[in-house]
Every structure is written in structure tokens, then in C-alpha cells.
Protein chains: 2
Amino acid sequence: MLLLVNLTLRLRTMSSADATTDQLRVDILDGAFPPGARLVELQLTERYGVGRAAIRSAIVELVTEGLVTREANRGATVRRVPLAEAVQITEARQALESLLAGHAALNATPQDRAELRQLAADMSDAVSSQRYGDYSELNQLLHRRIAQIAQHEIARDLVANLRNRASHHQFRLALQPGRPAESLPQHEALIAAVVAADRSGAEDAMRTHLDSVISALRHWAELGVEV
Amino acid sequence: MLLLVNLTLRLRTMSSADATTDQLRVDILDGAFPPGARLVELQLTERYGVGRAAIRSAIVELVTEGLVTREANRGATVRRVPLAEAVQITEARQALESLLAGHAALNATPQDRAELRQLAADMSDAVSSQRYGDYSELNQLLHRRIAQIAQHEIARDLVANLRNRASHHQFRLALQPGRPAESLPQHEALIAAVVAADRSGAEDAMRTHLDSVISALRHWAELGVEV
DNA sequence: CCAGCCAGATTGTATGACTTCAAGACCGTA
DNA sequence: TACGGTCTTGAAGTCATACAATCTGGCTGG
């Protein structure tokens, strides 16, 4: 029922331009348009079967989201995010996700806490049986659930955008050998604190977790790794 | 010289559509379009002397910035920000501006520190001679300078946007009697920590300062104050 | 060999026409 | 009078087209 309402609400709000924006965003995040790819308006009108107006609208929106850059009379390209910027993005995420974790610790319902406990078990299983793809998905799910539980729309939206911006680096980092072993206990500590309604504990756990992501990124930066 | 380069760079990037976006944003923030005002595209084309496309582009951008809402086939209106949301916005600012204050403490040059000291003196003067308008401007200047000194573009941009979103409430709060007397020592502590290159001190001072803003907003919310 | 110029490609912008939608006016009936 | 449905209208949503401005790359002539 709620789902249905939600669906019709989305349909009501979604013009073809908005739908095009979403599709283009997904295509960029999925790598269909890799960083540096040119986004030529006419080509996109064919690809998505809409007019140039819709394409321009989508590009404007994605520029403000930081996924696309535009030069006057030169056109739009998929933004290439340097490692130094990925570090800043993750620092901002750290500040905001700590806030979310703290709120989640306060607002979690008994169902939420049970679900989080289950999630911790699933993550542990995935790592011990070396299903790293599953672990990566559970990882993202955890961050999303924390954000939902916190009931803090402002921070949630900002974090979602920041995650998109750095998704390329985030993805590469998750593939790093040894990362799961390092991050699992951090995630477990985070979940334990949220389940225990320990606000400052949850904030600290999230901060610590993202500290380790940041230092991994910084480590790469020092090695001169480039995209 | 640097200014000139910057200027031409802006001109190169600024199409009339982008300029229109900036003007419309300023007009909204200045109150020329108060919260709830309808933004009818045809009227705006006359006001700004540009085509409908430019107006639509501006509206799309301001929607993603959270200043404007849009309903399908109904049009755009200036967003009305409820107090509860202003609280969330300020909480997010707290998280991000603490980060900025910490970085500013690390990155400030001797010139920056001298300037900040001067700023503290000016603020104190303004309050003691009851020039509250000046104090309010110096207040904004301080936050902007801290953000510049921190050299953290990601957080700086996010905070600038958050400030815009809540500017209405922020403005009303600044007019509150007793606010300057409460916030002045907090600002002085913040400046002292940044000048002393005390990272965690600066973070704490910024957090404390915005804590007092948040509780003032919450206090209003409980009184049932509405916009 | 190179400076300058021309042509193609692409964006920037405006305009007109048409469709879709929602709100309010209008009208007929009980 | 009150209710319910239909009609009108205002505005957004979309597309096609046109033309100007600008960049790019290649060609040409000295």
C-alpha cells in the first residue's frame, strides 16, 4: 500500500526529463560513460530518445551534483575526480556519517537493531567464506540503512551525493586485498554501538572506520596511483 | 593579475544561463522572491530578459540546491524551509564546519592569523558599541574566511549551500536580542584556537558555537514559532 | 614549414507549436 | 441550496527548428 502510494507519487513527479537525468546518472556511475567521456547532446538525444532540452536539463543537474563538468562551447564530460579530491570527499563523508551514526543510535527501533545484528552476522559470513562481492554489497547496504534509520534527510542526501562522486575510487578500494579483513571489525564495532544505543560510541566507530578509508586513499596518493 | 585571470575565466565559463541562475539565486536569498512565491517561467523571462530555456535551466539548478521546489505541471515555488529542517541543516553545518575549523587551524598562514586576530577585535568593538548589523556581517565574514583558509573545497561548497538553504532562519536568529552577547565569546574562542594552530580546539569551538545556534533554533521550534 | 584561414562540429539561445496536467469556473440535477 | 461532473484556461513539459557563437582540425598559400 505504502509502496503503491510511493510509486504513484514518483510517477507523478517524474517527467521524462527527470527520468533521463536518473538514467544518465546511473549510466555514469555504472561506468557506461567512464571518467573523461564526452557527453555530446545530440548523441544522448538518440540514446535516450528525448529532445535536446531534456538532455541539457539532465546535464545541468549532474554538473551541480559534481558528476559532470562543462566548459563553455566545449560541451560536457564525465568528471574525473583526482585522488586528493576523493580524500576531501571522504573527509566530508566522515563528518556527516558520524552525525548519521549518532542519530541512528538514538532512533533505531527494536526491528532496526535486530536487522543490524543480522547484517553483522551476514558480513562476517561473507568475509570468512571469502565472498568479497557480497561483502561489498552488504557494506553499502549497512551505510544506507544507518542513514535511513537516522531520519536525517539533509545529511542523508549530502552523503548519497558524496558517495556518488567518489564511487570510482571507493570501488577500486573495495577490491584491494586485505580491505575486508581490516574493515569488518570496524563495521562490527559500529553496529554494536548503534544496537547498544550508544550515540558517541557510534559516532566514534564511524569516524574510525572512515579514518581507515581516508588513510588508505592517502596511501595510494603517496604512491602516485592515478585513475 | 590573479584577479584578472579569475575574471576572464569566469566570463569564459559564464553563459547567460549561468548568469541568470546566479541572479535568481541572489534574488531569492535577498527576499525579492520570499518563501512560497511562485516562479512563473514566462514572468522570469521578462524580468531577466532571457529565453525560457535559460529560466528552466536556472530552476533545475536551484531545485537541486534545495532553494526551490517543483511540482509536475504546476511549476516552481521558492522553498519554504520548516524549522525542523533548519535544525538538521545546522547540524550538518556543524559537522562540516568543525572539519573546516580544524583544517583552518592547520593551514592558516601568519597573515591569516593576523587577519583573524584583527577580526576578533572588530567583532568585539561592534558588539560593545552595539553596531549589531556590522557584527552580523563580521560574523558571516569569519565563517567565510575560516572556510577559505581551510583549503577544503568540498566542505566549503557544501557549507555554502547549507547556509543558503537556512539563510532565512539564520537571519531571524541574528536579530534576536542577546544573541551577539552569547556568540561573541564563542567566536573569540574559535579564533583563538585557529590562531594557536590548535586543531581539536578549533573543532570543539566551532561545534560549541553551532550547538548554541541549534539549541536556539530548537527553542523556537518548541515555542511553535513559524515562518 | 608555418601562419592564417576556412569548414565542420557542437554548444548557446530563442522561438513556435503542440501536449499534458491541474485548478477553478461553470452548469445541470437532486 | 448543495452536490457532482464537465469545460475552460493557465502554465509547465516537450520537441523541432533555426541561427549565432565558438572551438577544432585541417588545408592552403606564401
# chains A, B, ... in the order shown; residues from 1 in each chain; ligands from 1

$ calpha_fit_and_write --fixed "chain A" --moving "chain B" --output "CSV table (one decimal) with C-alpha atoms, in the first residue's frame"
chain,number,residue,atom,x,y,z
B,1,MET,CA,0.1,0.2,0.2
B,2,LEU,CA,2.7,2.7,1.2
B,3,LEU,CA,4.7,1.4,-1.7
B,4,LEU,CA,1.9,2.1,-4.1
B,5,VAL,CA,1.5,5.6,-2.9
B,6,ASN,CA,5.2,6.2,-3.2
B,7,LEU,CA,5.2,4.8,-6.7
B,8,THR,CA,2.4,7.0,-7.9
B,9,LEU,CA,3.9,9.9,-6.2
B,10,ARG,CA,7.1,9.3,-8.1
B,11,LEU,CA,5.3,8.9,-11.3
B,12,ARG,CA,3.5,12.1,-10.8
B,13,THR,CA,6.7,14.0,-10.1
B,14,MET,CA,8.8,12.2,-12.8
B,15,SER,CA,8.7,13.9,-16.1
B,16,SER,CA,10.7,12.4,-18.9
B,17,ALA,CA,13.5,14.9,-18.2
B,18,ASP,CA,13.9,13.8,-14.6
B,19,ALA,CA,13.8,10.2,-15.7
B,20,THR,CA,16.6,11.0,-18.2
B,21,THR,CA,18.6,12.6,-15.5
B,22,ASP,CA,18.3,9.4,-13.4
B,23,GLN,CA,19.3,7.2,-16.3
B,24,LEU,CA,22.3,9.2,-17.2
B,25,ARG,CA,23.4,9.3,-13.6
B,26,VAL,CA,23.1,5.5,-13.4
B,27,ASP,CA,25.0,5.1,-16.7
B,28,ILE,CA,27.8,7.3,-15.5
B,29,LEU,CA,28.1,5.5,-12.1
B,30,ASP,CA,28.0,2.1,-13.8
B,31,GLY,CA,30.9,3.1,-16.0
B,32,ALA,CA,28.9,3.2,-19.3
B,33,PHE,CA,30.4,6.7,-19.5
B,34,PRO,CA,33.8,6.5,-17.9
B,35,PRO,CA,35.6,9.5,-16.4
B,36,GLY,CA,36.6,11.8,-19.2
B,37,ALA,CA,34.0,10.6,-21.7
B,38,ARG,CA,32.4,13.4,-23.7
B,39,LEU,CA,28.7,13.8,-23.4
B,40,VAL,CA,27.5,15.1,-26.7
B,41,GLU,CA,24.0,16.3,-26.6
B,42,LEU,CA,22.8,15.0,-30.0
B,43,GLN,CA,24.2,11.6,-29.3
B,44,LEU,CA,22.4,11.5,-25.9
B,45,THR,CA,19.1,12.5,-27.5
B,46,GLU,CA,19.4,9.4,-29.7
B,47,ARG,CA,20.5,7.1,-26.9
B,48,TYR,CA,17.6,8.1,-24.6
B,49,GLY,CA,15.0,9.0,-27.2
B,50,VAL,CA,14.3,12.5,-25.8
B,51,GLY,CA,14.8,16.0,-27.0
B,52,ARG,CA,17.8,18.2,-26.5
B,53,ALA,CA,16.1,20.2,-23.8
B,54,ALA,CA,15.8,17.1,-21.6
B,55,ILE,CA,19.4,16.3,-22.1
B,56,ARG,CA,20.5,19.8,-21.3
B,57,SER,CA,18.5,19.7,-18.1
B,58,ALA,CA,20.0,16.4,-17.1
B,59,ILE,CA,23.5,17.7,-17.7
B,60,VAL,CA,22.9,20.9,-15.7
B,61,GLU,CA,21.7,18.8,-12.8
B,62,LEU,CA,24.6,16.4,-12.9
B,63,VAL,CA,27.0,19.4,-13.0
B,64,THR,CA,25.7,20.7,-9.8
B,65,GLU,CA,25.9,17.2,-8.3
B,66,GLY,CA,29.6,17.2,-9.3
B,67,LEU,CA,29.5,14.2,-11.6
B,68,VAL,CA,29.9,16.2,-14.8
B,69,THR,CA,31.9,19.3,-15.9
B,70,ARG,CA,31.0,21.7,-18.6
B,71,GLU,CA,33.1,24.2,-20.6
B,72,ALA,CA,31.4,27.0,-22.5
B,73,ASN,CA,30.8,26.0,-26.1
B,74,ARG,CA,32.9,22.9,-25.6
B,75,GLY,CA,30.4,20.7,-24.0
B,76,ALA,CA,30.1,18.3,-21.1
B,77,THR,CA,32.4,15.5,-20.0
B,78,VAL,CA,32.2,13.0,-17.2
B,79,ARG,CA,34.1,14.5,-14.3
B,80,ARG,CA,37.5,12.9,-13.5
B,81,VAL,CA,37.9,13.0,-9.7
B,82,PRO,CA,41.6,13.3,-8.6
B,83,LEU,CA,42.6,11.3,-5.6
B,84,ALA,CA,43.2,14.4,-3.5
B,85,GLU,CA,39.6,15.3,-4.0
B,86,ALA,CA,38.4,11.8,-3.2
B,87,VAL,CA,40.2,12.3,0.2
B,88,GLN,CA,38.3,15.5,0.8
B,89,ILE,CA,35.0,13.9,-0.2
B,90,THR,CA,35.7,11.1,2.2
B,91,GLU,CA,36.5,13.6,5.0
B,92,ALA,CA,33.2,15.3,4.4
B,93,ARG,CA,31.5,11.9,4.4
B,94,GLN,CA,33.2,11.2,7.7
B,95,ALA,CA,31.8,14.3,9.3
B,96,LEU,CA,28.3,13.7,8.0
B,97,GLU,CA,28.2,9.9,8.5
B,98,SER,CA,29.3,10.2,12.1
B,99,LEU,CA,26.3,12.5,12.6
B,100,LEU,CA,24.1,9.9,11.0
B,101,ALA,CA,25.5,7.1,13.0
B,102,GLY,CA,24.9,9.0,16.2
B,103,HIS,CA,21.3,9.7,15.2
B,104,ALA,CA,20.8,6.1,14.2
B,105,ALA,CA,21.9,5.0,17.6
B,106,LEU,CA,19.2,7.2,19.1
B,107,ASN,CA,16.4,6.4,16.7
B,108,ALA,CA,16.8,2.7,15.9
B,109,THR,CA,13.7,0.7,16.6
B,110,PRO,CA,14.0,-2.9,18.0
B,111,GLN,CA,13.4,-4.2,14.5
B,112,ASP,CA,16.2,-2.0,13.2
B,113,ARG,CA,18.5,-3.3,15.8
B,114,ALA,CA,17.6,-6.9,15.1
B,115,GLU,CA,18.2,-6.3,11.4
B,116,LEU,CA,21.6,-4.7,12.0
B,117,ARG,CA,22.6,-7.6,14.2
B,118,GLN,CA,21.7,-10.0,11.3
B,119,LEU,CA,23.6,-7.8,8.9
B,120,ALA,CA,26.8,-8.0,11.1
B,121,ALA,CA,26.4,-11.8,11.0
B,122,ASP,CA,26.0,-11.8,7.2
B,123,MET,CA,29.1,-9.6,6.8
B,124,SER,CA,31.2,-11.8,9.0
B,125,ASP,CA,30.0,-14.9,7.0
B,126,ALA,CA,30.8,-13.3,3.7
B,127,VAL,CA,34.3,-12.5,4.8
B,128,SER,CA,35.1,-15.8,6.4
B,129,SER,CA,33.9,-17.6,3.3
B,130,GLN,CA,35.7,-15.1,1.1
B,131,ARG,CA,32.6,-13.9,-0.8
B,132,TYR,CA,34.0,-10.4,-1.2
B,133,GLY,CA,31.5,-9.3,-3.8
B,134,ASP,CA,28.7,-10.0,-1.3
B,135,TYR,CA,30.7,-8.3,1.5
B,136,SER,CA,31.0,-5.2,-0.6
B,137,GLU,CA,27.2,-5.1,-1.2
B,138,LEU,CA,26.5,-5.7,2.4
B,139,ASN,CA,28.9,-2.9,3.2
B,140,GLN,CA,27.0,-0.4,1.1
B,141,LEU,CA,23.7,-1.7,2.5
B,142,LEU,CA,24.9,-1.1,6.0
B,143,HIS,CA,25.8,2.5,5.3
B,144,ARG,CA,22.4,3.0,3.6
B,145,ARG,CA,20.5,1.5,6.4
B,146,ILE,CA,22.3,3.6,9.0
B,147,ALA,CA,21.4,6.7,7.0
B,148,GLN,CA,17.7,5.6,6.8
B,149,ILE,CA,17.5,4.8,10.5
B,150,ALA,CA,19.0,8.2,11.4
B,151,GLN,CA,16.0,9.9,9.9
B,152,HIS,CA,18.2,12.9,8.9
B,153,GLU,CA,17.2,13.7,5.3
B,154,ILE,CA,19.6,16.5,4.9
B,155,ALA,CA,22.7,14.6,5.9
B,156,ARG,CA,21.4,11.5,4.1
B,157,ASP,CA,21.1,13.3,0.8
B,158,LEU,CA,24.5,15.0,1.1
B,159,VAL,CA,26.2,11.7,1.9
B,160,ALA,CA,24.5,9.9,-1.0
B,161,ASN,CA,25.8,12.6,-3.4
B,162,LEU,CA,29.3,12.4,-1.9
B,163,ARG,CA,29.3,8.6,-2.3
B,164,ASN,CA,28.4,9.0,-5.9
B,165,ARG,CA,31.2,11.5,-6.5
B,166,ALA,CA,33.9,9.2,-5.2
B,167,SER,CA,32.3,5.9,-6.3
B,168,HIS,CA,35.1,5.2,-8.7
B,169,HIS,CA,37.8,5.3,-6.0
B,170,GLN,CA,35.5,3.6,-3.5
B,171,PHE,CA,35.1,0.8,-5.9
B,172,ARG,CA,38.8,0.3,-6.5
B,173,LEU,CA,39.5,0.5,-2.8
B,174,ALA,CA,37.0,-2.3,-2.1
B,175,LEU,CA,38.9,-4.6,-4.4
B,176,GLN,CA,42.1,-4.1,-2.5
B,177,PRO,CA,43.3,-7.3,-0.9
B,178,GLY,CA,43.2,-7.1,2.9
B,179,ARG,CA,40.5,-4.4,3.0
B,180,PRO,CA,37.7,-6.7,4.1
B,181,ALA,CA,39.8,-8.1,7.0
B,182,GLU,CA,40.5,-4.5,8.1
B,183,SER,CA,37.0,-3.1,7.8
B,184,LEU,CA,35.0,-6.0,9.1
B,185,PRO,CA,35.8,-5.4,12.8
B,186,GLN,CA,35.2,-1.7,12.3
B,187,HIS,CA,31.7,-2.4,10.9
B,188,GLU,CA,31.0,-4.8,13.8
B,189,ALA,CA,32.0,-2.1,16.3
B,190,LEU,CA,29.7,0.4,14.5
B,191,ILE,CA,26.8,-2.0,14.6
B,192,ALA,CA,27.4,-2.9,18.2
B,193,ALA,CA,27.3,0.8,19.2
B,194,VAL,CA,24.2,1.5,17.3
B,195,VAL,CA,22.5,-1.6,18.7
B,196,ALA,CA,23.5,-0.5,22.2
B,197,ALA,CA,22.0,2.9,21.6
B,198,ASP,CA,25.5,4.4,22.3
B,199,ARG,CA,25.5,7.6,20.4
B,200,SER,CA,29.0,8.8,20.9
B,201,GLY,CA,30.2,5.2,20.5
B,202,ALA,CA,28.5,5.0,17.2
B,203,GLU,CA,29.9,8.4,16.1
B,204,ASP,CA,33.4,7.3,17.1
B,205,ALA,CA,33.1,3.9,15.4
B,206,MET,CA,32.0,5.6,12.1
B,207,ARG,CA,34.8,8.1,12.3
B,208,THR,CA,37.4,5.4,12.9
B,209,HIS,CA,36.1,3.4,10.1
B,210,LEU,CA,36.3,6.2,7.6
B,211,ASP,CA,39.7,7.2,9.0
B,212,SER,CA,41.0,3.9,7.8
B,213,VAL,CA,39.4,4.6,4.3
B,214,ILE,CA,41.0,8.0,4.3
B,215,SER,CA,44.4,6.8,5.2
B,216,ALA,CA,44.1,4.1,2.5
B,217,LEU,CA,43.3,6.7,-0.1
B,218,ARG,CA,46.2,8.9,1.2
B,219,HIS,CA,48.5,6.0,1.0
B,220,TRP,CA,47.6,5.5,-2.7
B,221,ALA,CA,48.0,9.2,-3.3
B,222,GLU,CA,51.6,9.0,-1.9
B,223,LEU,CA,52.3,6.0,-4.2
B,224,GLY,CA,51.3,8.2,-7.1
B,225,VAL,CA,48.5,5.9,-8.1
B,226,GLU,CA,46.3,7.6,-10.7
B,227,VAL,CA,43.0,6.7,-12.2

$ select_by_dssp --residues "stretch 107-136 of chain A" --states "helix (DSSP H, G or I)" --output "number ranges by chain"
A: 107, 110-128, 132-136

$ write_last_selection --atoms "N, CA and C atoms" --output "compact mmCIF listing (two decimals), in the first residue's frame"
# COMPACT_ATOMS: atom_id res chain seq x y z
N ASN A 107 17.77 6.67 17.29
CA ASN A 107 16.45 6.48 16.70
C ASN A 107 16.11 5.05 16.31
N PRO A 110 13.50 -1.41 17.74
CA PRO A 110 13.94 -2.80 18.01
C PRO A 110 14.12 -3.60 16.72
N GLN A 111 13.20 -3.42 15.75
CA GLN A 111 13.36 -4.11 14.47
C GLN A 111 14.66 -3.71 13.79
N ASP A 112 14.95 -2.42 13.80
CA ASP A 112 16.18 -1.95 13.19
C ASP A 112 17.39 -2.65 13.83
N ARG A 113 17.37 -2.72 15.15
CA ARG A 113 18.52 -3.29 15.84
C ARG A 113 18.67 -4.77 15.50
N ALA A 114 17.55 -5.46 15.43
CA ALA A 114 17.62 -6.88 15.06
C ALA A 114 18.18 -7.04 13.65
N GLU A 115 17.71 -6.17 12.75
CA GLU A 115 18.19 -6.25 11.37
C GLU A 115 19.68 -5.98 11.29
N LEU A 116 20.13 -5.01 12.06
CA LEU A 116 21.56 -4.67 12.03
C LEU A 116 22.40 -5.83 12.57
N ARG A 117 21.89 -6.47 13.63
CA ARG A 117 22.62 -7.63 14.17
C ARG A 117 22.77 -8.70 13.10
N GLN A 118 21.66 -8.94 12.38
CA GLN A 118 21.69 -9.93 11.30
C GLN A 118 22.70 -9.52 10.24
N LEU A 119 22.72 -8.23 9.94
CA LEU A 119 23.63 -7.72 8.92
C LEU A 119 25.08 -7.97 9.33
N ALA A 120 25.38 -7.77 10.60
CA ALA A 120 26.74 -8.02 11.08
C ALA A 120 27.11 -9.48 10.88
N ALA A 121 26.16 -10.36 11.18
CA ALA A 121 26.43 -11.80 11.01
C ALA A 121 26.68 -12.12 9.54
N ASP A 122 25.83 -11.56 8.66
CA ASP A 122 25.99 -11.81 7.23
C ASP A 122 27.35 -11.31 6.73
N MET A 123 27.74 -10.16 7.21
CA MET A 123 29.02 -9.61 6.74
C MET A 123 30.16 -10.51 7.20
N SER A 124 30.09 -10.94 8.43
CA SER A 124 31.13 -11.82 8.95
C SER A 124 31.20 -13.10 8.11
N ASP A 125 30.02 -13.67 7.83
CA ASP A 125 29.97 -14.88 6.99
C ASP A 125 30.61 -14.64 5.63
N ALA A 126 30.24 -13.53 5.03
CA ALA A 126 30.74 -13.25 3.68
C ALA A 126 32.26 -13.19 3.67
N VAL A 127 32.82 -12.56 4.70
CA VAL A 127 34.28 -12.45 4.73
C VAL A 127 34.92 -13.81 4.98
N SER A 128 34.36 -14.55 5.95
CA SER A 128 35.03 -15.81 6.30
C SER A 128 34.93 -16.82 5.16
N TYR A 132 33.72 -11.81 -1.40
CA TYR A 132 34.02 -10.39 -1.23
C TYR A 132 33.04 -9.50 -1.98
N GLY A 133 32.51 -9.97 -3.08
CA GLY A 133 31.48 -9.21 -3.78
C GLY A 133 30.27 -8.99 -2.88
N ASP A 134 29.82 -10.07 -2.26
CA ASP A 134 28.69 -9.96 -1.34
C ASP A 134 29.02 -9.00 -0.20
N TYR A 135 30.23 -9.12 0.32
CA TYR A 135 30.62 -8.27 1.43
C TYR A 135 30.53 -6.80 1.03
N SER A 136 31.00 -6.49 -0.17
CA SER A 136 30.97 -5.11 -0.64
C SER A 136 29.54 -4.59 -0.72

$ residues_around --residues "D:DC7" --least-positions-apart "3" --cutoff "12 Å" --atoms "only C-alpha atoms (C1' of nucleotides)" --output "list in words"
DG24, DA25, DC26 and DC27 of chain C

$ select_by_dssp --residues "stretch 10-89 of chain A" --states "strand (DSSP E)" --output "ChimeraX atom specification"
/A:38-39,68-71,75-78

$ atom_distance --atom1 "atom C1' of C:DT29" --atom2 "atom C1' of D:DT9"
25.2 Å

$ atom_distance --atom1 "atom C1' of D:DC23" --atom2 "atom C1' of C:DA14"
21.7 Å

$ atom_distance --atom1 "atom C1' of D:DG26" --atom2 "atom C1' of C:DG4"
12.1 Å

$ interface_residues --of "chain D" --to "chain A" --cutoff "8 Å" --atoms "only C-alpha atoms (C1' of nucleotides)" --output "list in words"
DG13, DT14, DC15, DT22 and DC23 of chain D

$ residues_around --residues "C:DC5" --least-positions-apart "2" --cutoff "12 Å" --atoms "only C-alpha atoms (C1' of nucleotides)" --output "list in words"
DA3 and DA7 of chain C; DG25, DG26, DC27, DT28 and DG29 of chain D

$ closest_residue --among "C:DA30, C:DC21, C:DT15, C:DC2" --to "chain A" --atoms "only C-alpha atoms (C1' of nucleotides)"
C:DC21

$ interface_residues --of "chain C" --to "chain B" --cutoff "12 Å" --atoms "only C-alpha atoms (C1' of nucleotides)" --output "number ranges by chain"
C: 11-15, 19-23
